[in-house]
$ cat work-v7.cif   # mmCIF, C-alpha atoms
data_structure
loop_
_atom_site.label_atom_id
_atom_site.label_comp_id
_atom_site.auth_asym_id
_atom_site.auth_seq_id
_atom_site.Cartn_x
_atom_site.Cartn_y
_atom_site.Cartn_z
CA MET A 1 31.68 26.35 205.41
CA THR A 2 34.05 28.21 203.10
CA ASN A 3 35.14 26.08 200.17
CA ARG A 4 38.82 26.20 199.28
CA PHE A 5 41.13 25.10 196.51
CA VAL A 6 42.79 21.90 197.71
CA SER A 7 45.06 20.97 194.79
CA LEU A 8 46.59 22.06 191.51
CA SER A 9 47.67 18.93 189.63
CA THR A 10 49.71 18.92 186.42
CA TYR A 11 50.11 16.37 183.62
CA ASP A 12 52.56 16.13 180.71
CA VAL A 13 50.37 14.77 177.89
CA ARG A 14 51.75 14.20 174.38
CA PHE A 15 50.24 12.75 171.22
CA PRO A 16 52.57 11.22 168.59
CA THR A 17 51.21 13.23 165.64
CA SER A 18 54.67 13.35 164.04
CA ARG A 19 54.30 9.70 163.02
CA ARG A 20 51.84 10.71 160.27
CA LEU A 21 53.12 14.27 159.80
CA ASP A 22 49.86 15.71 161.10
CA GLY A 23 50.54 19.36 161.94
CA SER A 24 53.69 19.60 159.82
CA ASP A 25 54.72 22.97 158.42
CA ALA A 26 57.80 24.79 157.14
CA MET A 27 59.15 25.56 160.61
CA ASN A 28 57.81 22.54 162.52
CA PRO A 29 58.23 19.45 160.36
CA ASP A 30 57.63 16.82 163.06
CA PRO A 31 55.30 18.10 165.80
CA ASP A 32 53.92 15.93 168.57
CA TYR A 33 50.83 17.83 169.68
CA SER A 34 51.03 18.15 173.46
CA ALA A 35 49.27 19.65 176.44
CA ALA A 36 50.84 20.87 179.65
CA TYR A 37 47.65 20.13 181.53
CA VAL A 38 46.29 21.39 184.84
CA VAL A 39 43.36 20.34 187.05
CA LEU A 40 42.16 22.59 189.88
CA ARG A 41 40.23 20.80 192.62
CA THR A 42 38.24 22.19 195.54
CA ASP A 43 36.64 20.71 198.64
CA ALA A 44 33.16 21.69 197.45
CA ALA A 45 30.53 18.96 197.47
CA ASP A 46 29.56 19.65 193.85
CA GLY A 47 32.72 17.88 192.66
CA HIS A 48 33.39 20.41 189.90
CA GLU A 49 36.99 20.75 188.72
CA GLY A 50 38.67 23.41 186.62
CA HIS A 51 40.63 22.11 183.62
CA GLY A 52 43.09 24.03 181.45
CA PHE A 53 46.26 23.55 179.45
CA ALA A 54 49.05 25.17 177.51
CA PHE A 55 49.61 23.81 174.02
CA THR A 56 53.10 22.79 172.87
CA ILE A 57 54.42 20.49 170.15
CA GLY A 58 56.49 18.00 172.15
CA ARG A 59 59.98 18.66 173.47
CA GLY A 60 59.87 21.15 176.32
CA ASN A 61 56.36 20.25 177.38
CA GLU A 62 57.86 19.20 180.71
CA VAL A 63 59.20 22.75 181.16
CA GLN A 64 55.75 24.19 180.47
CA THR A 65 54.18 21.71 182.88
CA ALA A 66 56.66 22.68 185.60
CA ALA A 67 55.86 26.37 185.08
CA ILE A 68 52.17 25.67 185.66
CA GLY A 69 53.04 23.79 188.84
CA ALA A 70 54.99 26.81 190.06
CA LEU A 71 51.69 28.69 190.34
CA ARG A 72 50.32 26.22 192.91
CA PRO A 73 50.96 28.48 195.94
CA TYR A 74 48.82 31.25 194.45
CA LEU A 75 45.65 29.15 194.67
CA VAL A 76 45.89 26.14 196.95
CA GLY A 77 44.35 26.99 200.32
CA ARG A 78 42.48 30.07 199.08
CA ALA A 79 38.73 30.46 199.30
CA VAL A 80 37.14 29.53 195.98
CA GLN A 81 34.29 31.99 195.58
CA PRO A 82 36.25 35.24 196.09
CA VAL A 83 38.72 34.12 193.41
CA LEU A 84 35.99 33.20 190.93
CA ASP A 85 34.11 36.42 191.64
CA ASP A 86 37.17 38.53 190.78
CA LEU A 87 39.02 36.83 187.95
CA GLY A 88 40.18 40.24 186.74
CA GLY A 89 41.89 40.75 190.08
CA LEU A 90 43.38 37.24 190.04
CA TRP A 91 44.72 37.86 186.52
CA ARG A 92 46.46 41.05 187.66
CA GLU A 93 47.86 39.32 190.74
CA LEU A 94 49.50 36.58 188.66
CA VAL A 95 50.65 38.66 185.70
CA HIS A 96 52.00 41.53 187.79
CA ASP A 97 53.67 39.50 190.52
CA SER A 98 56.90 41.43 191.03
CA GLN A 99 59.15 38.35 190.87
CA LEU A 100 57.31 36.17 188.35
CA ARG A 101 57.16 39.16 186.04
CA TRP A 102 60.95 39.17 185.70
CA LEU A 103 60.65 35.92 183.73
CA GLY A 104 58.64 37.64 180.99
CA PRO A 105 57.37 40.17 181.29
CA GLU A 106 54.04 39.00 179.89
CA LYS A 107 55.41 36.51 177.40
CA GLY A 108 56.80 33.01 177.13
CA VAL A 109 56.51 29.94 179.32
CA LEU A 110 55.31 31.75 182.46
CA HIS A 111 52.65 33.72 180.61
CA MET A 112 51.37 30.53 179.00
CA ALA A 113 51.35 28.85 182.42
CA ILE A 114 49.16 31.69 183.71
CA SER A 115 46.93 31.11 180.69
CA ALA A 116 46.43 27.46 181.63
CA VAL A 117 45.50 28.35 185.21
CA VAL A 118 43.27 31.31 184.29
CA ASN A 119 41.45 29.21 181.70
CA ALA A 120 40.99 26.44 184.28
CA LEU A 121 39.44 28.96 186.65
CA TRP A 122 37.04 30.12 183.94
CA ASP A 123 36.19 26.49 183.24
CA LEU A 124 35.37 26.01 186.92
CA ARG A 125 33.32 29.21 187.08
CA ALA A 126 31.29 28.23 184.01
CA LYS A 127 30.69 24.71 185.35
CA ARG A 128 29.47 26.14 188.66
CA ALA A 129 27.14 28.46 186.74
CA GLY A 130 25.82 25.54 184.66
CA LEU A 131 26.69 27.37 181.41
CA PRO A 132 29.10 26.96 178.51
CA LEU A 133 31.72 29.69 178.77
CA TRP A 134 30.54 31.60 175.69
CA ARG A 135 27.09 32.02 177.24
CA LEU A 136 28.51 32.95 180.64
CA LEU A 137 30.64 35.72 179.13
CA SER A 138 27.89 36.87 176.78
CA ALA A 139 25.47 37.34 179.69
CA MET A 140 27.85 39.58 181.65
CA ALA A 141 27.18 43.30 181.89
CA PRO A 142 29.54 45.54 179.89
CA GLU A 143 30.96 46.93 183.14
CA GLU A 144 31.78 43.40 184.33
CA ILE A 145 33.55 42.58 181.07
CA VAL A 146 35.61 45.78 181.21
CA GLU A 147 36.66 44.92 184.76
CA LEU A 148 38.25 41.70 183.44
CA VAL A 149 40.69 43.65 181.27
CA ASP A 150 44.04 45.08 182.34
CA PHE A 151 44.24 48.37 180.42
CA ARG A 152 47.83 49.05 181.41
CA TYR A 153 49.80 49.73 178.19
CA LEU A 154 46.57 49.89 176.12
CA THR A 155 45.08 53.30 176.80
CA ASP A 156 46.81 55.01 173.88
CA ALA A 157 44.70 52.70 171.69
CA LEU A 158 41.75 51.64 173.86
CA THR A 159 40.43 53.13 177.10
CA PRO A 160 37.89 51.59 179.48
CA ALA A 161 35.35 54.19 178.36
CA GLU A 162 35.86 53.20 174.70
CA ALA A 163 35.52 49.53 175.63
CA LEU A 164 32.19 50.30 177.29
CA ARG A 165 31.02 52.10 174.16
CA ILE A 166 31.89 48.99 172.12
CA LEU A 167 30.08 46.64 174.49
CA LYS A 168 26.92 48.53 175.41
CA PRO A 169 25.22 48.16 171.99
CA GLY A 170 25.61 44.39 172.39
CA ALA A 171 22.53 44.24 174.60
CA GLU A 172 20.35 44.97 171.59
CA GLY A 173 19.70 41.82 169.59
CA ARG A 174 21.70 39.61 171.96
CA GLU A 175 19.08 36.89 172.22
CA GLU A 176 18.64 36.83 168.46
CA ARG A 177 22.39 36.29 168.01
CA VAL A 178 22.39 33.53 170.62
CA ALA A 179 19.49 31.89 168.80
CA ALA A 180 21.34 32.18 165.48
CA LEU A 181 24.40 30.45 166.95
CA LEU A 182 22.28 27.67 168.38
CA ALA A 183 20.50 27.16 165.06
CA GLU A 184 23.29 27.75 162.53
CA GLY A 185 26.63 27.59 164.31
CA TYR A 186 29.72 29.67 163.50
CA PRO A 187 31.70 29.58 160.20
CA ALA A 188 34.85 27.42 160.11
CA TYR A 189 37.74 26.80 157.76
CA ALA A 190 39.76 23.62 157.28
CA THR A 191 43.52 23.41 157.83
CA SER A 192 43.73 19.62 157.79
CA PRO A 193 44.14 19.33 153.97
CA GLY A 194 47.20 21.55 153.91
CA TRP A 195 49.87 20.12 156.22
CA LEU A 196 53.23 20.42 154.50
CA GLY A 197 54.24 16.80 154.94
CA TYR A 198 51.27 15.41 153.00
CA ASP A 199 51.82 14.17 149.44
CA ASP A 200 49.83 15.46 146.47
CA GLU A 201 47.41 12.55 146.48
CA LYS A 202 46.51 13.15 150.12
CA LEU A 203 46.23 16.90 149.51
CA THR A 204 43.79 16.26 146.66
CA ARG A 205 41.71 13.79 148.66
CA LEU A 206 41.50 16.02 151.73
CA CYS A 207 40.56 19.09 149.67
CA ARG A 208 37.68 17.12 148.18
CA GLU A 209 36.63 15.90 151.60
CA ALA A 210 36.68 19.47 152.96
CA LEU A 211 34.42 20.67 150.15
CA ALA A 212 32.05 17.75 150.72
CA ALA A 213 31.92 18.65 154.43
CA GLY A 214 30.72 22.15 153.58
CA PHE A 215 33.88 24.19 154.10
CA THR A 216 34.22 27.30 151.93
CA GLN A 217 37.79 28.06 153.03
CA ILE A 218 40.88 25.89 153.42
CA LYS A 219 44.47 26.66 154.36
CA LEU A 220 47.77 25.37 152.99
CA LYS A 221 51.14 25.48 154.71
CA VAL A 222 53.86 27.09 152.60
CA GLY A 223 57.39 28.39 152.89
CA ALA A 224 59.80 25.46 152.56
CA ASP A 225 60.17 25.34 148.77
CA LEU A 226 58.60 27.76 146.30
CA ALA A 227 58.24 25.23 143.48
CA ASP A 228 56.46 22.83 145.84
CA ASP A 229 54.18 25.61 147.04
CA LEU A 230 53.24 26.58 143.49
CA ARG A 231 52.47 22.97 142.61
CA ARG A 232 50.40 22.37 145.74
CA LEU A 233 48.45 25.61 145.34
CA ARG A 234 47.75 24.74 141.71
CA ILE A 235 46.38 21.35 142.80
CA ALA A 236 44.25 22.89 145.56
CA ARG A 237 42.87 25.57 143.26
CA GLU A 238 42.02 23.01 140.56
CA VAL A 239 40.16 20.86 143.10
CA CYS A 240 38.44 23.70 144.92
CA GLY A 241 37.64 25.99 142.03
CA PRO A 242 37.75 29.80 141.98
CA ARG A 243 35.15 30.52 144.68
CA VAL A 244 36.65 28.65 147.61
CA ARG A 245 38.99 30.75 149.71
CA ILE A 246 42.52 29.35 150.00
CA ALA A 247 44.65 30.91 152.72
CA VAL A 248 48.38 30.21 153.06
CA ASP A 249 50.48 29.97 156.23
CA ALA A 250 54.26 30.41 156.33
CA ASN A 251 54.64 29.83 160.09
CA GLN A 252 57.26 32.60 160.50
CA ARG A 253 59.52 31.16 157.78
CA TRP A 254 60.60 34.34 155.94
CA ASP A 255 62.30 37.66 156.46
CA VAL A 256 60.59 40.72 155.01
CA ASP A 257 62.00 40.77 151.48
CA THR A 258 61.67 37.01 151.05
CA ALA A 259 58.06 37.16 152.21
CA VAL A 260 57.20 39.84 149.67
CA GLU A 261 58.87 37.99 146.78
CA TRP A 262 57.34 34.62 147.75
CA VAL A 263 53.81 35.93 148.20
CA LYS A 264 53.96 37.79 144.89
CA ALA A 265 54.88 34.48 143.23
CA LEU A 266 51.82 32.85 144.85
CA ALA A 267 49.52 35.73 143.93
CA PRO A 268 48.11 34.13 140.72
CA PHE A 269 46.35 31.58 142.96
CA HIS A 270 44.58 34.37 144.88
CA PRO A 271 45.54 33.65 148.52
CA TRP A 272 42.79 34.77 150.87
CA TRP A 273 45.48 35.74 153.38
CA VAL A 274 49.14 35.03 154.11
CA GLU A 275 49.60 33.99 157.72
CA GLU A 276 52.66 34.54 159.92
CA PRO A 277 54.90 35.69 157.06
CA THR A 278 57.72 36.64 159.45
CA SER A 279 58.70 36.74 163.12
CA PRO A 280 55.66 37.31 165.36
CA ASP A 281 57.68 39.94 167.26
CA ASP A 282 58.46 41.97 164.13
CA VAL A 283 55.54 44.39 164.13
CA VAL A 284 57.24 46.81 161.73
CA GLY A 285 58.14 43.90 159.44
CA HIS A 286 54.51 42.81 159.31
CA ALA A 287 53.47 46.36 158.45
CA GLU A 288 56.05 46.53 155.65
CA ILE A 289 54.97 43.17 154.23
CA ALA A 290 51.32 44.21 154.38
CA ARG A 291 52.07 47.41 152.49
CA ARG A 292 54.12 45.70 149.78
CA ILE A 293 51.88 42.67 149.10
CA ALA A 294 48.55 44.54 149.16
CA PRO A 295 45.80 43.74 148.31
CA ILE A 296 46.68 40.25 149.64
CA PRO A 297 45.90 40.47 153.38
CA VAL A 298 48.21 39.56 156.26
CA ALA A 299 46.98 37.48 159.21
CA THR A 300 48.84 36.69 162.40
CA GLY A 301 48.43 36.02 166.10
CA GLU A 302 49.09 32.40 167.00
CA HIS A 303 52.53 33.27 168.44
CA VAL A 304 51.85 36.87 169.41
CA PRO A 305 52.70 36.85 173.13
CA ASN A 306 50.43 39.52 174.59
CA ARG A 307 47.82 42.22 174.10
CA VAL A 308 50.51 44.90 173.71
CA VAL A 309 51.92 43.40 170.52
CA PHE A 310 48.39 42.97 169.16
CA LYS A 311 47.82 46.64 169.91
CA GLN A 312 50.89 47.62 167.90
CA LEU A 313 49.94 45.39 164.96
CA LEU A 314 46.55 47.06 164.85
CA GLN A 315 47.91 50.57 165.28
CA LEU A 316 50.27 50.10 162.32
CA ARG A 317 47.58 48.40 160.20
CA ALA A 318 49.96 45.48 159.90
CA VAL A 319 47.22 42.83 159.91
CA SER A 320 43.87 42.43 158.18
CA PHE A 321 42.89 39.42 160.32
CA VAL A 322 43.61 38.94 164.03
CA GLN A 323 44.29 35.32 164.96
CA LEU A 324 44.05 35.17 168.72
CA ASP A 325 45.07 31.96 170.46
CA ALA A 326 43.25 30.66 173.54
CA ALA A 327 46.41 29.39 175.25
CA ARG A 328 49.27 31.66 174.11
CA VAL A 329 48.36 34.90 175.91
CA ALA A 330 47.27 34.82 179.55
CA GLY A 331 43.88 33.23 179.12
CA VAL A 332 40.31 34.46 178.73
CA ASN A 333 40.90 37.89 180.25
CA GLU A 334 43.66 38.88 177.86
CA ASN A 335 41.75 37.49 174.91
CA VAL A 336 38.78 39.67 175.88
CA ALA A 337 41.18 42.63 175.66
CA ILE A 338 42.31 41.50 172.20
CA LEU A 339 38.72 41.11 171.01
CA LEU A 340 37.99 44.66 172.17
CA LEU A 341 41.10 46.02 170.46
CA ALA A 342 40.15 44.30 167.21
CA ALA A 343 36.63 45.73 167.45
CA LYS A 344 38.03 49.23 168.05
CA PHE A 345 40.10 48.99 164.86
CA GLY A 346 37.43 47.19 162.84
CA ILE A 347 39.54 44.10 162.15
CA PRO A 348 37.94 40.62 161.97
CA VAL A 349 39.06 37.99 164.48
CA CYS A 350 39.71 34.52 163.04
CA PRO A 351 41.04 32.43 165.92
CA HIS A 352 43.97 30.05 165.59
CA ALA A 353 43.10 26.46 166.51
CA GLY A 354 45.86 24.30 165.05
CA GLY A 355 46.63 22.10 168.02
CA VAL A 356 45.23 19.67 170.54
CA GLY A 357 42.22 21.18 172.34
CA LEU A 358 42.49 24.61 170.78
CA CYS A 359 39.38 24.15 168.63
CA GLU A 360 37.48 23.29 171.79
CA LEU A 361 38.58 26.52 173.48
CA VAL A 362 38.50 29.17 170.76
CA GLN A 363 34.94 28.42 169.68
CA HIS A 364 33.81 29.96 172.98
CA LEU A 365 35.83 33.14 172.40
CA ALA A 366 34.59 33.60 168.83
CA MET A 367 30.98 33.03 169.84
CA PHE A 368 31.28 35.52 172.70
CA ASP A 369 32.71 38.01 170.20
CA PHE A 370 29.71 37.51 167.93
CA VAL A 371 27.12 37.84 170.69
CA ALA A 372 28.61 40.69 172.75
CA VAL A 373 31.53 42.45 171.02
CA SER A 374 31.71 42.62 167.21
CA ARG A 375 28.16 41.29 166.71
CA SER A 376 29.23 40.03 163.28
CA THR A 377 30.50 36.92 161.51
CA HIS A 378 31.40 38.80 158.31
CA ASN A 379 34.82 37.57 157.10
CA ARG A 380 35.20 35.73 160.40
CA VAL A 381 36.00 32.02 160.57
CA ILE A 382 37.40 29.69 163.22
CA GLU A 383 40.23 27.37 162.20
CA TYR A 384 39.40 23.66 162.33
CA VAL A 385 41.78 20.73 162.38
CA ASP A 386 40.41 17.21 162.42
CA HIS A 387 42.74 15.81 165.07
CA LEU A 388 42.42 14.54 168.63
CA HIS A 389 38.92 15.76 169.50
CA GLU A 390 37.98 12.32 170.77
CA HIS A 391 40.19 12.89 173.82
CA PHE A 392 37.85 15.55 175.24
CA THR A 393 34.64 15.01 177.15
CA ASP A 394 32.92 17.84 175.23
CA PRO A 395 34.51 17.73 171.75
CA VAL A 396 33.72 20.25 169.04
CA ARG A 397 30.86 19.44 166.70
CA LEU A 398 30.66 20.64 163.12
CA ARG A 399 27.87 20.63 160.55
CA ASP A 400 28.11 21.95 156.99
CA GLY A 401 31.46 23.59 157.67
CA ARG A 402 30.28 25.39 160.81
CA TYR A 403 31.01 24.98 164.51
CA LEU A 404 27.88 24.06 166.45
CA ALA A 405 27.56 26.03 169.67
CA PRO A 406 28.67 24.01 172.72
CA SER A 407 25.99 23.47 175.33
CA ALA A 408 27.80 21.62 178.14
CA PRO A 409 28.83 23.75 181.15
CA GLY A 410 32.48 24.83 181.14
CA PHE A 411 35.20 25.78 178.68
CA SER A 412 35.16 22.43 176.78
CA SER A 413 38.69 21.97 178.13
CA THR A 414 38.26 18.72 180.06
CA MET A 415 40.41 15.94 178.64
CA ARG A 416 39.29 12.37 179.28
CA ALA A 417 41.10 10.81 182.23
CA ASP A 418 41.93 7.69 180.23
CA SER A 419 43.54 9.84 177.51
CA ARG A 420 45.62 11.70 180.08
CA ALA A 421 46.85 8.37 181.41
CA ARG A 422 47.41 6.68 178.06
CA TYR A 423 49.35 9.58 176.51
CA ALA A 424 51.25 10.65 179.64
CA PHE A 425 54.91 11.30 178.82
CA PRO A 426 57.19 9.45 179.22
CA ASP A 427 55.58 6.52 181.04
CA GLY A 428 52.11 6.25 179.49
CA PRO A 429 51.38 3.12 177.39
CA VAL A 430 51.72 5.02 174.11
CA TRP A 431 55.23 6.19 174.99
CA GLY A 432 56.45 3.31 177.15
CA GLY A 433 59.28 5.20 178.82
CA ALA A 434 60.43 6.88 175.61
CA ARG A 435 63.15 9.46 175.82
CA GLU A 436 62.76 12.82 174.12
CA ARG A 437 64.15 12.72 170.61
#
$ encode --input "work-v7.cif" --output "C-alpha cells"
Amino acid sequence: MTNRFVSLSTYDVRFPTSRRLDGSDAMNPDPDYSAAYVVLRTDAADGHEGHGFAFTIGRGNEVQTAAIGALRPYLVGRAVQPVLDDLGGLWRELVHDSQLRWLGPEKGVLHMAISAVVNALWDLRAKRAGLPLWRLLSAMAPEEIVELVDFRYLTDALTPAEALRILKPGAEGREERVAALLAEGYPAYATSPGWLGYDDEKLTRLCREALAAGFTQIKLKVGADLADDLRRLRIAREVCGPRVRIAVDANQRWDVDTAVEWVKALAPFHPWWVEEPTSPDDVVGHAEIARRIAPIPVATGEHVPNRVVFKQLLQLRAVSFVQLDAARVAGVNENVAILLLAAKFGIPVCPHAGGVGLCELVQHLAMFDFVAVSRSTHNRVIEYVDHLHEHFTDPVRLRDGRYLAPSAPGFSSTMRADSRARYAFPDGPVWGGARER
C-alpha cells in the first residue's frame, strides 16, 4: 500500500511575551512571540507527523498561518515516500510555482510559509529515519547535499562543482566531529540579558547569571537612545569584565550615517559585532557601514529573505558573521545553500535564534555545518534565549554555555499539543477571545 499525505493542519499560536518585555528591542518594543504552525499527517501506520512553523511576533500571525494553509493542495493526496526522497525537487516545485512566485519572488509571507512546510517535511523524514536532523544531514553523501540546493542565481558565486569541493573533505574526521558534539556540545551566546525593555537591575542580574551559566558571549539590544546604550554597555562591561564578548544588535534601527556615528560612540566598550545596523535589504549600505566602522565587525541575516541577498552580502564583504534563520528563508534546503556560500567565502555562521522554537531548529543546522561543511566552531556561536522551550517535546539542552546535541529523531520542532491549545489565538485559555491590539 502506498502511503499518502492526508492532511496539512495549521495553528495560530501566540505567547504573551510583551507582558514582561521579553524580546523587546529598538524596533519591536512589545513582541508577542508567535508561531504560524503546521502539522503534516500521513496514513502510515508508524504515526509519525511532520511539524514546522514560521516565527512572527504577534499581529499578522493569522496571515502567515493562512499562507501556510494555501500550500495544502501541493501535498495532500500525494505519495509520501517520493516527496521525502526528493526534497530538493519539492523545494523547487514550491518556490518556482509560476503563480505563487508572483507573490515574492522568494521573499516574504509566502517564502516563510514554504519554509514551515519544507521544515515539517524534513522533520518527518528525520523521524522516519530514527535520527535527529543534524545527524541525518551529516550522513548524506556530498552529491545528495548538492542536489538539495537550487543554484539558480548563485553560480556567479558558487557552482555545484565548488559545493562538492567544499563538502567532499567532510568525510575525513566526520565521526570524530560527531563524537565531539556528543561529548562537548556547540558554543552558545546569551541574548536574554540584553532585551531593551529591561531595567538596569535586571540587566546586571542577568549578566551575572549568564556568566555563572558558562556563557562567554552576551548580546545587548541598542539603537533607541544613545545615552541609554552607553549606560547599559558600561554596566554590562563592568559586570562581565574585559574578556567576555559583548555583541550589540540594532534590529535595523539606523540609516548608514547614523549607524556609523552610533557604533563609533559605542566603540570604547569593544563590541564583538554590531548586528542588523540598517535595512536587511540594503546590501550596499551594509558594505559601507562595514568599511567605515572597521575593525568592529558587522553581522546580519535574521531578516535576510533569501540566498541571493546572502550571496550579495558575502560578495561585497558586507558581513563578518552570517546569521542564518531557520524559518525566514525557505527551510532546510535554502539554509544548506547559505552554509555553503558562507564556507566558500570563509565567513563564520552564527545562527539567529531569538524567537519561539528557533533555538530548537538552528542547533541542527549549526551542528550539520560543523560536521559536514565548515568543520569548525572557531568564532561560531548559536544564539540562545531562555524563553518558551518548555512548550516543545524535545527542548534544547545547555551545559556550561554550550548546546548539547539533540538525540531525539526529527527537527526538534514538535510543540506540545497542550501548549498549542492553551496559547491558540484568539480563543485559547491564555487569550480568552482577545482581539489584536
$ residues_around --input "work-v7.cif" --residues "A:His352" --least-positions-apart "6" --cutoff "9 Å" --atoms "all atoms listed in the file" --output "list of chain:residue names"
A:Thr300, A:Gly301, A:Glu302, A:Gln323, A:Leu324, A:Asp325, A:Ala326, A:Leu358, A:Cys359, A:Val362, A:Ile382, A:Glu383, A:Tyr384
$ residues_around --input "work-v7.cif" --residues "A:Val146" --least-positions-apart "4" --cutoff "7 Å" --atoms "only C-alpha atoms" --output "PyMOL selection string"
chain A and resi 142+160+163-164
$ write_last_selection --input "work-v7.cif" --atoms "C-alpha atoms" --output "mmCIF file, in the frame of the given file"
data_model
loop_
_atom_site.group_PDB
_atom_site.id
_atom_site.type_symbol
_atom_site.label_atom_id
_atom_site.label_comp_id
_atom_site.auth_asym_id
_atom_site.auth_seq_id
_atom_site.Cartn_x
_atom_site.Cartn_y
_atom_site.Cartn_z
ATOM 1 C CA PRO A 142 29.540 45.540 179.890
ATOM 2 C CA PRO A 160 37.890 51.590 179.480
ATOM 3 C CA ALA A 163 35.520 49.530 175.630
ATOM 4 C CA LEU A 164 32.190 50.300 177.290
#
$ resolve_selection --input "work-v7.cif" --expression "the PyMOL selection byres ((chain A and resi 332) around 12)" --output "MDAnalysis selection string"
chainID A and resid 52 87:88 91 112 114:123 133:134 137 145 148:150 307 324:331 333:339 361:362 364:366 368:369 411
$ residues_around --input "work-v7.cif" --residues "A:Ser376" --least-positions-apart "3" --cutoff "12 Å" --atoms "only C-alpha atoms" --output "PyMOL selection string"
chain A and resi 170+173-174+177-178+180-181+186-187+343+346-350+366-373+379-381
$ resolve_selection --input "work-v7.cif" --expression "the PyMOL selection byres ((chain A and resi 210) around 10)" --output "PDB file with C-alpha atoms, in the frame of the given file"
ATOM      1  CA  TYR A 189      37.740  26.800 157.760  1.00  0.00           C
ATOM      2  CA  ALA A 190      39.760  23.620 157.280  1.00  0.00           C
ATOM      3  CA  THR A 191      43.520  23.410 157.830  1.00  0.00           C
ATOM      4  CA  SER A 192      43.730  19.620 157.790  1.00  0.00           C
ATOM      5  CA  PRO A 193      44.140  19.330 153.970  1.00  0.00           C
ATOM      6  CA  ARG A 205      41.710  13.790 148.660  1.00  0.00           C
ATOM      7  CA  LEU A 206      41.500  16.020 151.730  1.00  0.00           C
ATOM      8  CA  CYS A 207      40.560  19.090 149.670  1.00  0.00           C
ATOM      9  CA  ARG A 208      37.680  17.120 148.180  1.00  0.00           C
ATOM     10  CA  GLU A 209      36.630  15.900 151.600  1.00  0.00           C
ATOM     11  CA  LEU A 211      34.420  20.670 150.150  1.00  0.00           C
ATOM     12  CA  ALA A 212      32.050  17.750 150.720  1.00  0.00           C
ATOM     13  CA  ALA A 213      31.920  18.650 154.430  1.00  0.00           C
ATOM     14  CA  GLY A 214      30.720  22.150 153.580  1.00  0.00           C
ATOM     15  CA  PHE A 215      33.880  24.190 154.100  1.00  0.00           C
ATOM     16  CA  THR A 216      34.220  27.300 151.930  1.00  0.00           C
ATOM     17  CA  GLN A 217      37.790  28.060 153.030  1.00  0.00           C
ATOM     18  CA  ILE A 218      40.880  25.890 153.420  1.00  0.00           C
ATOM     19  CA  CYS A 240      38.440  23.700 144.920  1.00  0.00           C
ATOM     20  CA  ASP A 400      28.110  21.950 156.990  1.00  0.00           C
ATOM     21  CA  GLY A 401      31.460  23.590 157.670  1.00  0.00           C
TER      22      GLY A 401
END
$ build_atoms --input "work-v7.cif" --residues "stretch 335-347 of chain A" --atoms "N, CA and C atoms" --output "mmCIF file, keeping the file's coordinate frame"
data_model
loop_
_atom_site.group_PDB
_atom_site.id
_atom_site.type_symbol
_atom_site.label_atom_id
_atom_site.label_comp_id
_atom_site.auth_asym_id
_atom_site.auth_seq_id
_atom_site.Cartn_x
_atom_site.Cartn_y
_atom_site.Cartn_z
ATOM 1 N N ASN A 335 42.413 37.628 176.208
ATOM 2 C CA ASN A 335 41.750 37.490 174.910
ATOM 3 C C ASN A 335 40.522 38.398 174.806
ATOM 4 N N VAL A 336 39.853 38.672 175.901
ATOM 5 C CA VAL A 336 38.780 39.670 175.880
ATOM 6 C C VAL A 336 39.365 41.032 175.488
ATOM 7 N N ALA A 337 40.520 41.375 176.033
ATOM 8 C CA ALA A 337 41.180 42.630 175.660
ATOM 9 C C ALA A 337 41.484 42.672 174.172
ATOM 10 N N ILE A 338 41.960 41.555 173.628
ATOM 11 C CA ILE A 338 42.310 41.500 172.200
ATOM 12 C C ILE A 338 41.066 41.619 171.334
ATOM 13 N N LEU A 339 39.979 40.975 171.744
ATOM 14 C CA LEU A 339 38.720 41.110 171.010
ATOM 15 C C LEU A 339 38.257 42.572 170.996
ATOM 16 N N LEU A 340 38.387 43.259 172.108
ATOM 17 C CA LEU A 340 37.990 44.660 172.170
ATOM 18 C C LEU A 340 38.893 45.537 171.310
ATOM 19 N N LEU A 341 40.182 45.275 171.329
ATOM 20 C CA LEU A 341 41.100 46.020 170.460
ATOM 21 C C LEU A 341 40.739 45.820 168.989
ATOM 22 N N ALA A 342 40.498 44.578 168.602
ATOM 23 C CA ALA A 342 40.150 44.300 167.210
ATOM 24 C C ALA A 342 38.861 45.020 166.819
ATOM 25 N N ALA A 343 37.886 45.032 167.731
ATOM 26 C CA ALA A 343 36.630 45.730 167.450
ATOM 27 C C ALA A 343 36.866 47.225 167.307
ATOM 28 N N LYS A 344 37.725 47.789 168.139
ATOM 29 C CA LYS A 344 38.030 49.230 168.050
ATOM 30 C C LYS A 344 38.600 49.576 166.681
ATOM 31 N N PHE A 345 39.452 48.707 166.145
ATOM 32 C CA PHE A 345 40.100 48.990 164.860
ATOM 33 C C PHE A 345 39.348 48.400 163.669
ATOM 34 N N GLY A 346 38.230 47.725 163.930
ATOM 35 C CA GLY A 346 37.430 47.190 162.840
ATOM 36 C C GLY A 346 38.059 46.044 162.090
ATOM 37 N N ILE A 347 38.839 45.214 162.779
ATOM 38 C CA ILE A 347 39.540 44.100 162.150
ATOM 39 C C ILE A 347 38.890 42.782 162.567
#
